[in-house]
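Note: the block below is coords.txt and it holds compact mmCIF, C-alpha atoms.
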```txt
# COMPACT_ATOMS: atom_id res chain seq x y z
CA LEU A 1 116.25 116.33 74.03
CA LEU A 2 115.81 113.22 76.16
CA HIS A 3 114.72 109.80 75.01
CA ARG A 4 113.01 107.19 77.16
CA ALA A 5 115.02 104.02 77.63
CA SER A 6 115.09 101.08 80.00
CA GLY A 7 115.49 102.37 83.54
CA GLY A 8 115.16 106.07 82.74
CA TRP A 9 115.97 108.63 80.07
CA HIS A 10 118.96 109.23 77.81
CA GLU A 11 120.09 112.74 76.95
CA VAL A 12 120.38 113.17 73.20
CA GLY A 13 121.16 116.88 72.90
CA SER A 14 120.33 120.42 73.99
CA VAL A 15 119.94 123.88 72.50
CA ALA A 16 120.60 127.18 74.29
CA ILE A 17 117.67 129.61 74.21
CA ASP A 18 119.99 132.36 72.96
CA ALA A 19 121.47 130.24 70.18
CA PRO A 20 121.67 132.35 66.98
CA ASP A 21 120.38 129.40 64.97
CA LEU A 22 117.71 128.35 67.49
CA THR A 23 115.06 127.35 64.95
CA GLU A 24 117.48 125.30 62.87
CA ALA A 25 119.06 123.66 65.92
CA VAL A 26 115.70 122.69 67.45
CA GLY A 27 114.67 121.39 64.03
CA TYR A 28 117.77 119.20 63.99
CA LEU A 29 116.86 117.83 67.42
CA ARG A 30 113.38 117.12 66.09
CA SER A 31 114.77 115.14 63.16
CA THR A 32 116.89 113.19 65.66
CA ALA A 33 113.77 112.50 67.73
CA LEU A 34 111.95 111.19 64.65
CA GLY A 35 114.85 108.84 64.06
CA LEU A 36 114.46 107.51 67.60
CA ALA A 37 110.67 107.22 67.33
CA PRO A 38 109.96 106.36 63.67
CA ARG A 39 106.30 105.56 64.36
CA GLY A 40 105.65 109.16 65.34
CA LEU A 41 106.83 111.91 67.66
CA SER A 42 104.97 113.14 70.72
CA THR A 43 106.35 114.86 73.79
CA LYS A 44 105.59 115.77 77.37
CA LEU A 45 106.65 119.23 78.46
CA VAL A 46 108.76 119.33 81.61
CA ILE A 47 108.20 122.65 83.35
CA PRO A 48 111.28 124.21 85.05
CA ASN A 49 111.01 124.22 88.83
CA ASP A 50 111.56 127.98 89.04
CA GLN A 51 108.13 128.33 87.41
CA ILE A 52 106.42 126.10 90.00
CA LEU A 53 105.30 126.73 93.58
CA TYR A 54 105.70 123.69 95.84
CA LEU A 55 103.99 123.76 99.21
CA SER A 56 102.24 121.63 101.82
CA VAL A 57 98.53 122.19 102.39
CA VAL A 58 96.16 120.90 105.05
CA ALA A 59 93.51 119.11 103.01
CA PRO A 60 92.06 116.14 104.93
CA GLY A 61 89.39 115.29 102.35
CA PRO A 62 87.91 112.77 102.98
CA ASP A 63 87.43 112.33 99.21
CA ALA A 64 89.26 113.71 96.17
CA THR A 65 86.58 116.31 95.42
CA SER A 66 86.73 117.67 98.98
CA ARG A 67 90.51 117.66 98.93
CA ARG A 68 90.63 119.60 95.66
CA SER A 69 88.23 122.19 97.08
CA GLN A 70 90.34 122.51 100.25
CA ILE A 71 93.53 122.99 98.22
CA THR A 72 91.84 125.57 96.02
CA SER A 73 90.80 127.56 99.08
CA ALA A 74 94.32 127.31 100.54
CA LEU A 75 95.82 128.79 97.37
CA GLU A 76 93.84 132.01 97.64
CA GLY A 77 96.36 134.84 97.94
CA ARG A 78 99.40 132.54 97.78
CA THR A 79 100.40 133.69 94.27
CA PRO A 80 99.96 136.85 92.15
CA TYR A 81 97.33 134.95 90.13
CA ALA A 82 93.65 134.31 90.69
CA VAL A 83 93.08 130.68 91.67
CA GLU A 84 91.19 130.02 88.44
CA ASP A 85 94.36 130.99 86.54
CA LEU A 86 96.37 128.27 88.28
CA VAL A 87 96.79 124.56 87.65
CA PHE A 88 97.87 122.24 90.46
CA ASP A 89 98.54 118.61 91.30
CA TRP A 90 98.82 117.03 94.74
CA TRP A 91 100.11 113.92 96.45
CA GLY A 92 99.24 112.44 99.82
CA ASN A 93 96.58 110.52 101.70
CA GLY A 94 96.87 112.10 105.13
CA PRO A 95 95.52 115.40 106.45
CA GLU A 96 98.42 117.29 104.85
CA VAL A 97 99.30 116.93 101.17
CA GLN A 98 102.12 118.06 98.89
CA VAL A 99 100.99 120.47 96.18
CA ALA A 100 102.66 121.67 92.97
CA VAL A 101 101.17 124.85 91.43
CA ILE A 102 101.77 126.62 88.13
CA ALA A 103 100.18 129.49 86.20
CA ARG A 104 98.10 128.58 83.16
CA GLU A 105 99.89 131.24 81.13
CA THR A 106 103.21 129.48 81.73
CA LEU A 107 101.76 126.24 80.38
CA ALA A 108 100.42 128.12 77.36
CA GLU A 109 103.85 129.63 76.65
CA ALA A 110 105.53 126.22 76.91
CA GLU A 111 102.97 124.63 74.62
CA GLY A 112 103.29 127.47 72.13
CA PHE A 113 107.05 126.96 71.92
CA ALA A 114 106.65 123.21 71.41
CA ILE A 115 103.96 123.65 68.74
CA GLU A 116 106.05 126.26 66.93
CA HIS A 117 108.85 123.72 66.63
CA ARG A 118 106.52 120.81 65.76
CA MET A 119 107.28 118.79 68.89
CA ASN A 120 103.69 117.49 69.21
CA PRO A 121 103.26 118.17 72.96
CA ILE A 122 100.62 116.08 74.74
CA SER A 123 101.09 116.80 78.46
CA PHE A 124 102.75 118.93 81.15
CA VAL A 125 104.86 117.56 84.02
CA ALA A 126 107.73 118.56 86.31
CA VAL A 127 110.79 117.06 87.99
CA PRO A 128 110.63 118.14 91.66
CA GLU A 129 113.84 118.56 93.65
CA GLY A 130 114.42 116.88 96.98
CA ARG A 131 111.26 115.88 98.82
CA LYS A 132 109.04 118.70 97.64
CA PHE A 133 106.72 116.31 95.85
CA ARG A 134 106.55 112.54 95.73
CA GLY A 135 106.19 111.28 92.19
CA GLU A 136 105.85 113.25 88.97
CA PRO A 137 103.66 116.38 89.17
CA TRP A 138 101.07 116.21 86.41
CA PHE A 139 99.50 119.40 85.07
CA GLY A 140 97.26 117.71 82.54
CA PRO A 141 97.09 117.39 78.77
CA THR A 142 97.92 120.13 76.29
CA SER A 143 95.27 121.75 74.12
CA LEU A 144 96.73 119.82 71.18
CA ALA A 145 96.63 116.42 72.86
CA ALA A 146 93.18 115.43 71.61
CA THR A 147 94.38 115.75 68.01
CA LEU A 148 97.50 113.67 68.63
CA VAL A 149 96.09 110.74 70.59
CA PRO A 150 93.96 108.17 68.71
CA ASP A 151 90.26 108.11 69.51
CA GLY A 152 89.51 105.99 72.53
CA GLU A 153 93.06 106.12 73.84
CA LYS A 154 94.03 107.80 77.11
CA ILE A 155 97.20 109.67 77.97
CA GLU A 156 98.83 107.77 80.78
CA ARG A 157 100.78 109.76 83.35
CA ASP A 158 104.07 108.43 84.71
CA GLN A 159 104.38 107.69 88.40
CA ASP A 160 108.06 108.65 88.62
CA PRO A 161 109.68 111.89 87.39
CA VAL A 162 112.04 111.96 84.43
CA GLN A 163 115.47 110.70 85.50
CA VAL A 164 118.46 111.00 83.18
CA VAL A 165 120.48 107.78 83.41
CA ALA A 166 122.86 108.33 80.49
CA ARG A 167 124.21 111.17 78.43
CA SER A 168 124.52 110.04 74.86
CA LEU A 169 125.12 111.25 71.33
CA ALA A 170 126.02 114.83 72.24
CA SER A 171 128.10 116.13 75.13
CA GLU A 172 127.95 119.70 73.87
CA PRO A 173 124.93 121.89 73.01
CA VAL A 174 123.55 121.11 69.57
CA THR A 175 124.06 123.50 66.68
CA ALA A 176 122.34 123.08 63.38
CA PRO A 177 124.52 121.29 60.81
CA ARG A 178 125.82 123.18 57.80
CA PRO A 179 123.57 122.98 54.73
CA ALA A 180 125.84 120.52 52.94
CA ALA A 181 125.64 118.10 55.84
CA LYS A 182 122.16 118.91 57.05
CA ALA A 183 120.08 115.89 57.89
CA LYS A 184 116.84 115.46 56.00
CA THR A 185 113.63 115.91 57.97
CA ALA A 186 110.22 114.55 57.17
CA ALA A 187 107.87 116.94 55.42
CA ARG A 188 105.46 116.33 58.24
CA PRO A 189 105.50 114.09 61.32
CA GLU A 190 104.32 110.54 61.03
CA ALA A 191 101.08 109.58 62.71
CA PRO A 192 101.49 108.62 66.37
CA ALA A 193 101.51 104.98 67.34
CA ALA A 194 98.18 103.25 67.89
CA LYS A 195 98.66 103.78 71.61
CA VAL A 196 100.65 106.51 73.30
CA GLN A 197 103.39 104.48 74.90
CA PRO A 198 106.09 106.25 76.92
CA GLN A 199 108.73 103.98 75.39
CA GLU A 200 107.99 105.46 71.98
CA LYS A 201 108.41 109.06 73.08
CA PRO A 202 111.67 111.01 73.17
CA VAL A 203 111.85 113.80 75.75
CA VAL A 204 112.43 117.37 74.68
CA ALA A 205 113.45 120.09 77.08
CA ALA A 206 112.27 123.56 76.20
CA PRO A 207 114.24 126.61 77.40
CA LYS A 208 113.35 128.77 80.39
CA PRO A 209 111.03 130.37 81.13
CA LYS A 210 109.17 128.01 78.89
CA ALA A 211 108.75 124.48 80.07
CA LYS A 212 110.75 121.49 79.09
CA THR A 213 109.07 118.91 76.96
CA ALA A 214 109.16 115.20 77.19
CA ALA A 215 108.19 113.05 74.33
```

Could you quickly redo this structure as structure tokens?
Amino acid sequence: LLHRASGGWHEVGSVAIDAPDLTEAVGYLRSTALGLAPRGLSTKLVIPNDQILYLSVVAPGPDATSRRSQITSALEGRTPYAVEDLVFDWWGNGPEVQVAVIARETLAEAEGFAIEHRMNPISFVAVPEGRKFRGEPWFGPTSLAATLVPDGEKIERDQDPVQVVARSLASEPVTAPRPAAKAKTAARPEAPAAKVQPQEKPVVAAPKPKAKTAA
């Protein structure tokens, strides 16, 4: 679990995918997130890089529609998936652009995990390593996003990837508290703020192979 703060993100806690009390531990992280964002919880899912193909593609454009078509053609045969089963983002203004590609089924799995644990996911992103991609790869909104964002509001993508600037609250993986000390959780999440503001959203990292989530 990460929470947006001035200058970056603070790590609040983490849960191992093989934790025997996974559901309870993730639920405890969720209650912590609600404490950090009392006006409502929403998250962005951060996909692990081992689920993403980064590559450079010759796509001179000249416009965005032409560039998208050129990238689509370049992806034919580059993965085990049909191009229509892929989602990609790109960066660059020259003849060659940086591209980040992921399978739709991976996004669906990540969203399913986040929904199961009531993390209210609204978008998919990644944190590229090195110089594979400039900025934060954006793989679009989740299928649940339209029900979480107020009518007329737009989900705003971040320009820069998630960067952890402090490790707070928990230095060890989170385990669910014993019943006697278990924190209370809301019966259901509060309504999201009138506008989806990144400052209001804690970040949640989902386990591999599912994507991380950022709230």

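For the choices A:Asp160, A:Glu109, A:Glu84, A:Asp21, the atom-to-atom distance to Ala126 in chain A is smallest for A:Asp160 when using all atoms listed in the file.
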
Next item on the list: Between CA of Gln98 in chain A and CA of Glu153 in chain A, measure the distance and give it in Å to one decimal.
Entry: 29.2 Å

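Shortest separation to Ser56 in chain A among A:Asp85, A:Glu96, A:Glu76, A:Asp18 occurs at residue A:Glu96, atoms counted being only C-alpha atoms.
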
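Closest approach to Gly61 in chain A among A:Gly112, A:Pro137, A:Gly13, A:Gly94 is made by A:Gly94 (distances from all atoms listed in the file).
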
Note to self: So that I can see what lies close to Asp89 in chain A, please list as a PyMOL selection string the residues with an atom at most 10 Å from it, counting only C-alpha atoms and leaving out residues fewer than 3 positions away in the same chain.
What the structure shows: chain A and resi 54+68+71+98-102+125+133+136-140

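For the choices A:Gln70, A:Phe113, A:Ala145, A:Ala166, the atom-to-atom distance to Leu22 in chain A is smallest for A:Phe113 when using only C-alpha atoms.
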
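Straight-line separation from CA of Thr32 in chain A to CA of Val12 in chain A: 8.3 Å.
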
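Nearest residue to Arg78 in chain A, choosing from A:Val57, A:Asn93, A:Ser31, A:Ser123 and counting all atoms listed in the file: A:Val57.
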
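Proximity of A:Trp90, A:Thr106, A:Lys44, A:Pro80 to Pro141 in chain A, computed with all atoms listed in the file, is greatest for A:Lys44.
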